[in-house]
$ cat upload.cif   # mmCIF, C-alpha atoms
data_data
loop_
_atom_site.label_atom_id
_atom_site.label_comp_id
_atom_site.auth_asym_id
_atom_site.auth_seq_id
_atom_site.Cartn_x
_atom_site.Cartn_y
_atom_site.Cartn_z
CA LEU A 20 114.87 144.15 96.65
CA LEU A 21 113.67 143.79 93.07
CA ASN A 22 110.30 145.59 92.75
CA ILE A 23 108.06 143.74 90.29
CA ASN A 24 104.66 145.02 89.18
CA VAL A 25 102.67 142.29 87.40
CA GLY A 26 99.31 143.41 86.07
CA GLY A 27 98.96 146.06 88.79
CA LYS A 28 100.06 143.88 91.74
CA LEU A 29 103.39 144.56 93.43
CA PHE A 30 105.86 141.80 94.33
CA GLN A 31 109.29 142.11 95.93
CA ILE A 32 112.05 139.57 95.37
CA ALA A 33 115.61 139.78 96.70
CA TYR A 34 118.26 140.21 94.00
CA SER A 35 120.25 137.32 95.44
CA VAL A 36 117.22 135.00 95.28
CA ALA A 37 116.38 135.88 91.65
CA ALA A 38 120.05 135.53 90.66
CA GLN A 39 120.03 131.87 91.72
CA TYR A 40 118.13 131.15 88.50
CA PRO A 41 120.12 133.06 85.89
CA ILE A 42 118.34 131.64 82.84
CA THR A 43 114.92 132.93 84.00
CA ARG A 44 113.62 136.40 83.10
CA LEU A 45 113.84 137.73 86.65
CA GLY A 46 117.25 136.11 87.07
CA LYS A 47 118.54 138.02 84.05
CA LEU A 48 116.90 141.17 85.37
CA ALA A 49 118.83 140.77 88.64
CA LEU A 50 122.17 140.00 86.95
CA TYR A 51 122.19 142.52 84.08
CA THR A 52 123.97 145.82 84.71
CA ASP A 53 123.11 147.45 81.40
CA PRO A 54 119.85 149.48 81.83
CA MET A 55 118.92 148.99 78.14
CA LYS A 56 119.06 145.20 78.47
CA LYS A 57 116.89 145.41 81.58
CA LEU A 58 114.29 147.47 79.74
CA GLN A 59 114.14 144.80 77.02
CA LEU A 60 113.09 142.25 79.65
CA CYS A 61 110.09 144.20 80.94
CA ASP A 62 107.19 146.17 79.46
CA ASP A 63 107.81 149.41 81.37
CA TYR A 64 109.96 150.89 84.14
CA SER A 65 109.13 153.51 86.75
CA VAL A 66 112.21 155.54 87.71
CA GLN A 67 110.53 157.17 90.73
CA LYS A 68 109.39 153.86 92.25
CA ASN A 69 112.31 151.80 90.83
CA GLU A 70 109.65 149.38 89.69
CA TYR A 71 109.62 147.00 86.70
CA PHE A 72 106.21 146.56 85.11
CA PHE A 73 105.08 143.34 83.34
CA ASP A 74 101.75 143.18 81.53
CA ARG A 75 101.08 139.56 82.47
CA ASP A 76 98.52 137.58 84.48
CA PRO A 77 99.11 138.32 88.22
CA SER A 78 97.14 135.24 89.35
CA ILE A 79 99.62 132.88 87.70
CA PHE A 80 102.61 134.98 88.80
CA HIS A 81 101.75 134.04 92.39
CA TYR A 82 103.05 130.54 91.55
CA ILE A 83 106.14 132.04 89.88
CA PHE A 84 106.76 134.16 92.97
CA HIS A 85 106.38 131.08 95.18
CA PHE A 86 108.91 129.27 92.99
CA TYR A 87 111.60 131.90 93.62
CA ARG A 88 110.97 131.73 97.36
CA SER A 89 110.81 127.92 97.72
CA GLY A 90 112.46 126.51 94.58
CA VAL A 91 109.35 124.41 93.79
CA LEU A 92 106.84 125.22 91.06
CA TRP A 93 103.30 124.38 92.17
CA ILE A 94 100.58 123.55 89.63
CA MET A 95 96.89 123.81 90.41
CA ASP A 96 94.32 121.57 88.73
CA GLU A 97 91.98 124.42 87.83
CA MET A 98 94.60 126.11 85.63
CA CYS A 99 94.36 126.04 81.86
CA PRO A 100 97.39 124.01 80.67
CA SER A 101 97.97 126.13 77.55
CA ASN A 102 97.83 129.40 79.48
CA PHE A 103 100.07 128.11 82.26
CA VAL A 104 102.70 126.79 79.82
CA GLU A 105 102.67 130.12 77.96
CA GLU A 106 103.21 132.03 81.21
CA ILE A 107 106.06 129.91 82.55
CA GLU A 108 107.77 130.02 79.15
CA TYR A 109 107.56 133.80 79.26
CA TRP A 110 109.18 133.88 82.70
CA GLY A 111 111.79 131.34 81.55
CA ILE A 112 110.91 128.66 84.12
CA HIS A 113 110.98 125.00 83.11
CA LEU A 114 108.31 122.52 84.09
CA LYS A 115 111.02 120.27 85.61
CA TYR A 116 111.03 122.47 88.74
CA SER A 117 107.57 121.18 89.65
CA GLN A 118 106.90 118.11 91.78
CA ARG A 119 106.82 114.82 89.86
CA CYS A 120 103.24 114.03 90.89
CA CYS A 121 102.01 117.45 89.78
CA ARG A 122 103.99 117.23 86.54
CA ILE A 123 102.51 113.84 85.61
CA LEU A 124 98.95 115.03 86.19
CA PHE A 125 99.64 118.26 84.32
CA GLU A 126 101.08 116.43 81.30
CA GLU A 127 98.07 114.10 81.23
CA LYS A 128 95.78 117.13 81.27
CA GLN A 129 97.84 118.65 78.44
CA ASP A 130 97.46 115.48 76.36
CA GLU A 131 93.71 115.43 76.98
CA LEU A 132 93.41 119.06 75.93
CA SER A 133 95.51 118.47 72.79
CA GLU A 134 93.36 115.48 71.85
CA TYR A 135 90.20 117.49 72.47
CA LEU A 136 91.41 120.38 70.29
CA LYS A 137 92.44 117.94 67.56
CA ILE A 138 88.98 116.33 67.54
CA GLN A 139 87.32 119.76 67.56
CA LYS A 140 89.37 120.78 64.53
CA GLU A 141 88.49 117.60 62.65
CA LEU A 142 84.83 117.98 63.62
CA GLU A 143 84.80 121.54 62.29
CA ALA A 144 86.37 120.27 59.07
CA GLU A 145 83.63 117.63 58.89
CA LEU A 146 80.96 120.30 59.32
CA GLU A 147 82.57 122.81 56.99
CA PRO A 148 80.99 122.66 53.52
CA LEU A 149 83.14 122.16 50.43
CA VAL A 150 82.27 125.63 49.21
CA THR A 151 80.71 128.71 50.72
CA ALA A 152 78.80 131.62 49.29
CA GLU A 153 82.00 133.71 49.05
CA HIS A 154 83.56 131.25 46.57
CA PHE A 155 81.14 132.31 43.83
CA GLU A 156 81.99 136.00 43.86
CA GLY A 157 83.55 137.14 40.60
CA LYS A 158 83.22 133.73 38.92
CA PHE A 159 81.39 132.71 35.78
CA LEU A 160 77.61 132.62 36.46
CA GLY A 161 78.43 133.19 40.14
CA GLY A 162 74.90 134.18 41.15
CA PHE A 163 73.29 131.23 39.38
CA ARG A 164 75.79 128.72 40.77
CA LYS A 165 75.31 130.16 44.25
CA SER A 166 71.55 129.65 43.96
CA VAL A 167 72.06 126.05 42.79
CA TRP A 168 74.52 125.43 45.63
CA ASN A 169 72.06 126.70 48.25
CA LEU A 170 69.34 124.59 46.68
CA ILE A 171 71.38 121.37 46.78
CA GLU A 172 73.84 121.73 49.66
CA ASN A 173 72.02 123.93 52.17
CA PRO A 174 68.60 122.47 53.08
CA TYR A 175 68.03 125.24 55.63
CA SER A 176 68.36 128.05 53.07
CA SER A 177 64.80 127.83 51.65
CA VAL A 178 61.67 125.72 51.42
CA PRO A 179 62.57 124.32 47.94
CA ALA A 180 65.96 123.26 49.32
CA LYS A 181 64.24 121.34 52.14
CA ILE A 182 61.92 119.70 49.60
CA ILE A 183 64.87 118.57 47.47
CA ALA A 184 66.63 117.15 50.56
CA VAL A 185 63.50 115.18 51.47
CA MET A 186 63.10 114.01 47.86
CA SER A 187 66.71 112.85 47.79
CA SER A 188 66.19 110.66 50.86
CA PHE A 189 62.84 109.47 49.49
CA PHE A 190 64.34 108.38 46.15
CA VAL A 191 67.15 106.56 47.95
CA LEU A 192 64.63 104.56 49.96
CA ILE A 193 62.47 103.91 46.87
CA SER A 194 65.53 102.73 44.95
CA ILE A 195 66.54 100.30 47.73
CA VAL A 196 62.97 98.99 47.99
CA GLY A 197 62.83 98.54 44.21
CA MET A 198 66.14 96.66 44.17
CA THR A 199 64.83 94.42 46.96
CA LEU A 200 61.52 93.70 45.22
CA SER A 201 63.29 92.92 41.95
CA THR A 202 64.70 89.78 43.56
CA VAL A 203 61.22 88.46 44.43
CA GLU A 204 60.18 85.64 42.10
CA GLU A 205 56.76 87.15 41.31
CA MET A 206 58.35 90.47 40.30
CA LYS A 207 60.63 88.77 37.77
CA GLN A 208 57.67 88.28 35.44
CA LYS A 209 57.24 90.54 32.45
CA THR A 210 54.89 93.10 34.05
CA GLY A 211 56.75 93.31 37.36
CA LYS A 212 60.11 93.50 35.61
CA MET A 213 58.86 96.39 33.45
CA TRP A 214 57.68 98.31 36.52
CA MET A 215 61.00 97.77 38.29
CA GLU A 216 62.94 98.97 35.24
CA GLN A 217 60.83 102.12 35.01
CA LEU A 218 61.28 102.80 38.72
CA GLU A 219 65.04 102.32 38.37
CA MET A 220 65.10 104.72 35.41
CA ILE A 221 63.23 107.43 37.35
CA CYS A 222 65.59 107.09 40.35
CA ALA A 223 68.66 107.15 38.09
CA ILE A 224 67.42 110.31 36.34
CA PHE A 225 66.88 112.04 39.68
CA PHE A 226 70.30 110.99 41.03
CA THR A 227 72.00 112.08 37.80
CA SER A 228 70.30 115.49 37.90
CA GLU A 229 71.30 115.90 41.53
CA TYR A 230 74.91 114.97 40.77
CA LEU A 231 75.12 117.37 37.81
CA MET A 232 73.68 120.20 39.89
CA ARG A 233 76.34 119.60 42.53
CA LEU A 234 79.01 119.52 39.85
CA ILE A 235 77.80 122.82 38.35
CA SER A 236 77.69 124.53 41.74
CA SER A 237 81.15 123.33 42.79
CA SER A 238 83.87 125.98 42.95
CA SER A 239 86.70 123.46 42.50
CA PHE A 240 86.46 120.36 40.31
CA LYS A 241 89.33 118.61 42.12
CA LYS A 242 87.77 119.15 45.57
CA PHE A 243 84.45 117.95 44.19
CA LEU A 244 85.96 114.65 43.01
CA ARG A 245 87.87 114.12 46.27
CA ALA A 246 84.78 114.55 48.45
CA ALA A 247 83.49 111.28 49.91
CA PHE A 248 79.80 112.13 49.53
CA ASN A 249 80.25 112.97 45.85
CA ALA A 250 82.01 109.66 45.30
CA VAL A 251 79.00 107.92 46.85
CA ASP A 252 76.70 109.87 44.50
CA LEU A 253 78.75 108.73 41.51
CA VAL A 254 78.65 105.09 42.62
CA ALA A 255 74.87 105.45 42.99
CA ILE A 256 74.33 106.37 39.31
CA LEU A 257 77.13 104.51 37.49
CA PRO A 258 75.55 101.00 37.71
CA PHE A 259 72.50 102.14 35.74
CA TYR A 260 74.51 103.48 32.81
CA ILE A 261 77.01 100.62 32.83
CA GLN A 262 74.09 98.18 32.74
CA ILE A 263 72.62 100.00 29.72
CA LEU A 264 76.02 99.93 28.03
CA PHE A 265 76.41 96.18 28.51
CA GLU A 266 72.85 95.37 27.50
CA ASN A 267 73.16 97.38 24.27
CA LEU A 268 76.57 96.02 23.33
CA ASP A 269 76.59 95.00 19.64
CA GLN A 270 73.02 96.13 19.31
CA GLY A 271 72.92 95.45 15.57
CA ASP A 272 73.43 91.73 15.97
CA ASP A 273 69.92 90.51 16.87
CA LEU A 274 70.86 86.86 16.82
CA TYR A 275 73.69 87.49 19.21
CA HIS A 276 71.31 89.27 21.56
CA GLU A 277 68.81 86.45 21.47
CA GLU A 278 71.52 84.00 22.42
CA LEU A 279 72.79 86.40 25.05
CA ASP A 280 69.36 86.66 26.67
CA LYS A 281 69.11 82.88 26.81
CA MET A 282 72.53 82.43 28.36
CA GLU A 283 72.56 85.55 30.55
CA SER A 284 72.31 83.62 33.82
CA VAL A 285 75.40 81.56 33.09
CA SER A 286 77.48 83.82 30.85
CA LYS A 287 80.29 86.03 32.02
CA LEU A 288 78.39 89.10 30.87
CA GLY A 289 75.40 88.09 32.97
CA LYS A 290 77.59 87.72 36.06
CA VAL A 291 79.08 91.15 35.48
CA LEU A 292 75.60 92.63 35.15
CA LYS A 293 74.53 91.03 38.42
CA LEU A 294 77.59 92.45 40.14
CA ILE A 295 76.88 95.91 38.73
CA LYS A 296 73.25 95.72 39.85
CA LEU A 297 74.45 94.76 43.32
CA MET A 298 76.45 97.98 43.51
CA ARG A 299 73.16 99.86 43.79
CA ILE A 300 73.08 98.87 47.45
CA PHE A 301 75.66 101.61 48.08
CA ARG A 302 72.93 104.16 47.39
CA ILE A 303 71.88 103.80 51.00
CA LEU A 304 75.09 105.65 51.91
CA LYS A 305 73.55 108.74 50.32
CA LEU A 306 71.35 108.99 53.40
CA ALA A 307 74.43 110.05 55.37
CA ARG A 308 74.36 113.39 53.55
CA HIS A 309 71.10 114.31 55.28
CA SER A 310 71.40 112.12 58.40
CA THR A 311 73.22 113.57 61.40
CA GLY A 312 73.30 110.18 63.10
CA LEU A 313 75.06 108.45 60.18
CA ARG A 314 77.61 111.24 59.90
CA ALA A 315 78.28 111.06 63.65
CA PHE A 316 78.66 107.27 63.40
CA GLY A 317 81.17 107.58 60.56
CA PHE A 318 83.13 110.25 62.45
CA THR A 319 83.14 108.05 65.56
CA MET A 320 84.57 105.12 63.60
CA ARG A 321 87.32 107.32 62.18
CA GLN A 322 88.24 108.68 65.60
CA CYS A 323 88.11 105.27 67.32
CA TYR A 324 89.88 103.26 64.63
CA GLN A 325 92.64 102.31 67.08
CA GLN A 326 90.15 100.86 69.57
CA VAL A 327 88.27 99.09 66.77
CA CYS A 328 91.49 97.60 65.36
CA CYS A 329 92.49 96.51 68.87
CA LEU A 330 89.09 94.84 69.30
CA LEU A 331 89.48 93.00 65.98
CA LEU A 332 92.94 91.87 67.09
CA PHE A 333 91.52 90.46 70.34
CA ILE A 334 88.78 88.69 68.39
CA ALA A 335 91.34 87.14 66.03
CA MET A 336 93.46 86.02 68.99
CA GLY A 337 90.41 84.50 70.67
CA VAL A 338 89.35 82.68 67.49
CA PHE A 339 92.79 81.16 66.95
CA THR A 340 93.29 80.27 70.62
CA PHE A 341 89.93 78.64 71.33
CA SER A 342 89.74 76.87 67.95
CA ALA A 343 93.13 75.29 68.66
CA LEU A 344 92.02 74.24 72.16
CA MET A 345 88.73 72.83 70.88
CA HIS A 346 90.46 70.84 68.15
CA SER A 347 92.95 69.39 70.64
CA VAL A 348 90.19 68.01 72.91
CA GLU A 349 87.59 67.05 70.27
CA HIS A 350 89.50 65.74 67.23
CA ASP A 351 89.46 62.11 68.47
CA VAL A 352 85.66 62.02 68.98
CA PRO A 353 83.92 59.93 66.26
CA GLY A 354 81.86 62.03 63.85
CA THR A 355 83.18 65.34 65.21
CA ASN A 356 83.11 68.50 63.10
CA PHE A 357 86.34 69.73 64.66
CA THR A 358 88.54 67.75 62.27
CA SER A 359 91.04 70.59 61.94
CA ILE A 360 91.73 74.01 63.43
CA PRO A 361 90.42 75.90 60.35
CA TYR A 362 87.13 73.97 60.64
CA ALA A 363 86.90 75.16 64.26
CA TRP A 364 87.33 78.83 63.33
CA TRP A 365 83.63 79.25 62.49
CA TRP A 366 82.57 77.77 65.83
CA ALA A 367 85.01 80.03 67.71
CA ALA A 368 83.84 83.16 65.87
CA VAL A 369 80.16 82.36 66.52
CA SER A 370 80.83 81.60 70.19
CA LEU A 371 82.91 84.75 70.74
CA SER A 372 80.11 86.89 69.33
CA THR A 373 77.70 85.04 71.71
CA VAL A 374 75.38 84.32 68.74
CA GLY A 375 75.54 80.56 69.20
CA TYR A 376 73.96 79.02 66.09
CA GLY A 377 74.35 75.53 67.52
CA ASP A 378 75.35 74.03 64.16
CA THR A 379 78.65 72.86 65.67
CA VAL A 380 78.84 71.84 69.33
CA PRO A 381 81.40 69.98 71.47
CA ASP A 382 80.62 66.46 72.74
CA THR A 383 83.15 65.99 75.54
CA VAL A 384 83.30 67.57 78.99
CA LEU A 385 86.63 69.21 78.23
CA GLY A 386 85.18 70.57 74.99
CA ARG A 387 82.26 72.13 76.85
CA MET A 388 84.66 73.70 79.35
CA VAL A 389 86.61 75.23 76.45
CA ALA A 390 83.32 76.45 74.96
CA PHE A 391 82.33 78.03 78.27
CA GLY A 392 85.68 79.83 78.42
CA CYS A 393 85.25 81.01 74.83
CA ILE A 394 81.75 82.38 75.50
CA SER A 395 82.87 84.07 78.74
CA PHE A 396 85.79 85.69 76.95
CA GLY A 397 83.41 86.86 74.21
CA ILE A 398 81.05 88.49 76.73
CA ILE A 399 83.92 90.39 78.36
CA LEU A 400 85.37 91.33 74.98
CA ASN A 401 82.09 92.61 73.58
CA GLY A 402 81.41 94.71 76.65
CA MET A 403 84.77 96.49 76.69
CA PRO A 404 84.42 99.04 73.86
CA ILE A 405 80.68 99.68 74.10
CA SER A 406 80.86 102.49 76.66
CA ILE A 407 83.80 104.19 74.92
CA LEU A 408 82.21 104.11 71.48
CA TYR A 409 78.76 105.11 72.72
CA ASN A 410 80.03 108.05 74.79
CA LYS A 411 82.04 109.40 71.88
CA PHE A 412 79.17 108.84 69.45
CA SER A 413 76.70 110.70 71.67
CA ASP A 414 79.19 113.56 72.12
CA TYR A 415 79.85 113.91 68.38
CA TYR A 416 76.15 113.61 67.57
CA ALA A 417 75.28 116.39 70.03
CA LYS A 418 77.93 118.67 68.52
CA LEU A 419 76.79 118.00 64.94
CA LYS A 420 73.18 118.60 65.92
CA ALA A 421 74.06 121.81 67.73
CA HIS A 422 75.91 123.07 64.66
CA GLU A 423 72.92 122.35 62.42
CA THR A 424 70.57 124.09 64.85
CA SER A 425 72.82 127.16 65.06
CA ASN A 426 72.80 127.42 61.27
#
$ encode --input "upload.cif" --output "structure tokens"
Amino acid sequence: LLNINVGGKLFQIAYSVAAQYPITRLGKLALYTDPMKKLQLCDDYSVQKNEYFFDRDPSIFHYIFHFYRSGVLWIMDEMCPSNFVEEIEYWGIHLKYSQRCCRILFEEKQDELSEYLKIQKELEAELEPLVTAEHFEGKFLGGFRKSVWNLIENPYSSVPAKIIAVMSSFFVLISIVGMTLSTVEEMKQKTGKMWMEQLEMICAIFFTSEYLMRLISSSSFKKFLRAAFNAVDLVAILPFYIQILFENLDQGDDLYHEELDKMESVSKLGKVLKLIKLMRIFRILKLARHSTGLRAFGFTMRQCYQQVCCLLLFIAMGVFTFSALMHSVEHDVPGTNFTSIPYAWWWAAVSLSTVGYGDTVPDTVLGRMVAFGCISFGIILNGMPISILYNKFSDYYAKLKAHETSN
């Protein structure tokens, strides 16, 4: 008998039984005649007891021991897949010796664990700040830049940092409200326009100061430019300065400016200015920096992009299918709006989303049956991803919130 001591528990296996599996560790131990080679296979050897010692988990070795006796490797559901795979690789036993049903379930559990660890790693990367306090040691003005970094990037570091975080969100909201009010007809008058311009200037100054403080406190300029939040900050302040640049172009030519003001609504320059002003709407994305819910939503969309793309594919298939069916049954009706398949796309999209504007409706019985099928398909389609997305969102949100609380 081969005396095996695994983690303090003794097992006995016949040499002939272990030798049936020569590529395994115990099979080699039974077949080798050189004592030095045998010692390389185990952690220790007791000459008095003729016992080979292995510093491994004895609870898992029970399944290894059962394998040598029966030829079948059993896998229990409560086992950790990573630990079990590590153990059987140590003993030189392949997973193919297990039953097919157990192997399928085990591989599914392995895939779930791998996906979970991958998401955890990406979530930690999402939570990890661009720089930490250690990055400033030994650098130029390290203490000052560290103080600025804590003030801007770590709202939980001090009361002034919390105040700046609240002010940042407040100025974002004020800027969006100001942009909204600037489109109201009464606010386009001289007095209202002046107030809106002053409000925009104050917000732009605050956003610029905030951006410069982040730039100063950054330990790596390249990482700073690649960060998504910093790109959003840059988009938030660029429209203001580009607008000033366009409005002051050829400032010395007063006559040109008078003509430009008269023709601003129809000129190319006026259209560019309107487009630049519209870019200010992206300032609302700055709220994601201080909003756990928005960050969790963005992370959920990145993790579920396959499901979202699949949903968009189903929607596109439904739009094309039901628009073609509706056109085939309605195109002969006098005064119909379904004169072609592209004209029916809008109706199909509205019906699939179950919004139902009612601007375009079928007139025939067959058309209403197609519409009913389209609406039913839309209800089923819209209900499919809701539970998946919501469960993942709530899970990611809880983890982000727990990380913030622990800090």
$ closest_residue --input "upload.cif" --among "A:Ser228, A:Ser372, A:Thr311, A:Ser201" --to "A:Tyr415" --atoms "all atoms listed in the file"
A:Thr311
$ atom_distance --input "upload.cif" --atom1 "atom CA of A:Gln326" --atom2 "atom CA of A:Ser395"
20.5 Å
$ closest_residue --input "upload.cif" --among "A:Met95, A:Leu257, A:Leu192, A:Ile224" --to "A:Cys121" --atoms "all atoms listed in the file"
A:Met95
$ atom_distance --input "upload.cif" --atom1 "atom CA of A:Trp93" --atom2 "atom CA of A:Gln31"
19.1 Å
$ residues_around --input "upload.cif" --residues "A:Tyr409" --least-positions-apart "4" --cutoff "12 Å" --atoms "all atoms listed in the file" --output "NGL selection string"
:A and (315-316 or 319-320 or 323 or 402-405 or 413-416)
$ closest_residue --input "upload.cif" --among "A:Leu419, A:Leu400, A:Ile107, A:Ala367" --to "A:Leu332" --atoms "all atoms listed in the file"
A:Leu400
$ decode --input "upload.cif" --residues "stretch 248-257 of chain A" --atoms "all heavy atoms" --output "mmCIF file, in the first residue's frame"
data_model
loop_
_atom_site.group_PDB
_atom_site.id
_atom_site.type_symbol
_atom_site.label_atom_id
_atom_site.label_comp_id
_atom_site.auth_asym_id
_atom_site.auth_seq_id
_atom_site.Cartn_x
_atom_site.Cartn_y
_atom_site.Cartn_z
ATOM 1 N N PHE A 248 -14.008 61.878 -17.858
ATOM 2 C CA PHE A 248 -14.577 63.003 -17.120
ATOM 3 C C PHE A 248 -13.872 64.317 -17.474
ATOM 4 O O PHE A 248 -14.510 65.363 -17.571
ATOM 5 C CB PHE A 248 -14.472 62.761 -15.614
ATOM 6 C CG PHE A 248 -15.507 61.809 -15.096
ATOM 7 C CD1 PHE A 248 -15.165 60.803 -14.216
ATOM 8 C CD2 PHE A 248 -16.833 61.901 -15.499
ATOM 9 C CE1 PHE A 248 -16.113 59.918 -13.726
ATOM 10 C CE2 PHE A 248 -17.795 61.030 -15.029
ATOM 11 C CZ PHE A 248 -17.427 60.034 -14.145
ATOM 12 N N ASN A 249 -12.559 64.257 -17.677
ATOM 13 C CA ASN A 249 -11.827 65.470 -18.039
ATOM 14 C C ASN A 249 -12.177 65.936 -19.448
ATOM 15 O O ASN A 249 -12.183 67.136 -19.731
ATOM 16 C CB ASN A 249 -10.319 65.226 -17.919
ATOM 17 C CG ASN A 249 -9.899 64.943 -16.494
ATOM 18 O OD1 ASN A 249 -10.502 65.462 -15.555
ATOM 19 N ND2 ASN A 249 -8.892 64.113 -16.314
ATOM 20 N N ALA A 250 -12.466 64.974 -20.330
ATOM 21 C CA ALA A 250 -12.919 65.346 -21.666
ATOM 22 C C ALA A 250 -14.268 66.053 -21.603
ATOM 23 O O ALA A 250 -14.519 67.021 -22.335
ATOM 24 C CB ALA A 250 -13.007 64.099 -22.554
ATOM 25 N N VAL A 251 -15.139 65.589 -20.720
ATOM 26 C CA VAL A 251 -16.435 66.239 -20.531
ATOM 27 C C VAL A 251 -16.244 67.658 -19.997
ATOM 28 O O VAL A 251 -16.918 68.604 -20.440
ATOM 29 C CB VAL A 251 -17.314 65.407 -19.571
ATOM 30 C CG1 VAL A 251 -18.573 66.178 -19.183
ATOM 31 C CG2 VAL A 251 -17.696 64.086 -20.211
ATOM 32 N N ASP A 252 -15.301 67.823 -19.063
ATOM 33 C CA ASP A 252 -15.023 69.160 -18.522
ATOM 34 C C ASP A 252 -14.530 70.107 -19.613
ATOM 35 O O ASP A 252 -14.909 71.285 -19.648
ATOM 36 C CB ASP A 252 -13.974 69.068 -17.410
ATOM 37 C CG ASP A 252 -14.503 68.357 -16.178
ATOM 38 O OD1 ASP A 252 -15.741 68.252 -16.058
ATOM 39 O OD2 ASP A 252 -13.700 67.907 -15.357
ATOM 40 N N LEU A 253 -13.696 69.585 -20.508
ATOM 41 C CA LEU A 253 -13.179 70.423 -21.598
ATOM 42 C C LEU A 253 -14.287 70.823 -22.560
ATOM 43 O O LEU A 253 -14.350 71.975 -23.008
ATOM 44 C CB LEU A 253 -12.070 69.658 -22.334
ATOM 45 C CG LEU A 253 -11.306 70.442 -23.406
ATOM 46 C CD1 LEU A 253 -10.586 71.634 -22.784
ATOM 47 C CD2 LEU A 253 -10.312 69.535 -24.115
ATOM 48 N N VAL A 254 -15.176 69.882 -22.879
ATOM 49 C CA VAL A 254 -16.311 70.195 -23.758
ATOM 50 C C VAL A 254 -17.236 71.217 -23.106
ATOM 51 O O VAL A 254 -17.876 72.017 -23.782
ATOM 52 C CB VAL A 254 -17.079 68.892 -24.096
ATOM 53 C CG1 VAL A 254 -18.374 69.201 -24.830
ATOM 54 C CG2 VAL A 254 -16.212 67.974 -24.944
ATOM 55 N N ALA A 255 -17.278 71.218 -21.776
ATOM 56 C CA ALA A 255 -18.161 72.142 -21.059
ATOM 57 C C ALA A 255 -17.690 73.584 -21.158
ATOM 58 O O ALA A 255 -18.505 74.513 -21.119
ATOM 59 C CB ALA A 255 -18.260 71.730 -19.595
ATOM 60 N N ILE A 256 -16.377 73.817 -21.302
ATOM 61 C CA ILE A 256 -15.860 75.192 -21.303
ATOM 62 C C ILE A 256 -15.472 75.687 -22.696
ATOM 63 O O ILE A 256 -15.421 76.902 -22.925
ATOM 64 C CB ILE A 256 -14.649 75.324 -20.358
ATOM 65 C CG1 ILE A 256 -13.513 74.406 -20.805
ATOM 66 C CG2 ILE A 256 -15.052 75.020 -18.934
ATOM 67 C CD1 ILE A 256 -12.251 74.533 -19.972
ATOM 68 N N LEU A 257 -15.201 74.770 -23.627
ATOM 69 C CA LEU A 257 -14.762 75.199 -24.960
ATOM 70 C C LEU A 257 -15.792 76.051 -25.703
ATOM 71 O O LEU A 257 -15.408 77.043 -26.347
ATOM 72 C CB LEU A 257 -14.385 73.976 -25.801
ATOM 73 C CG LEU A 257 -12.963 73.438 -25.622
ATOM 74 C CD1 LEU A 257 -12.723 72.257 -26.548
ATOM 75 C CD2 LEU A 257 -11.929 74.529 -25.909
#
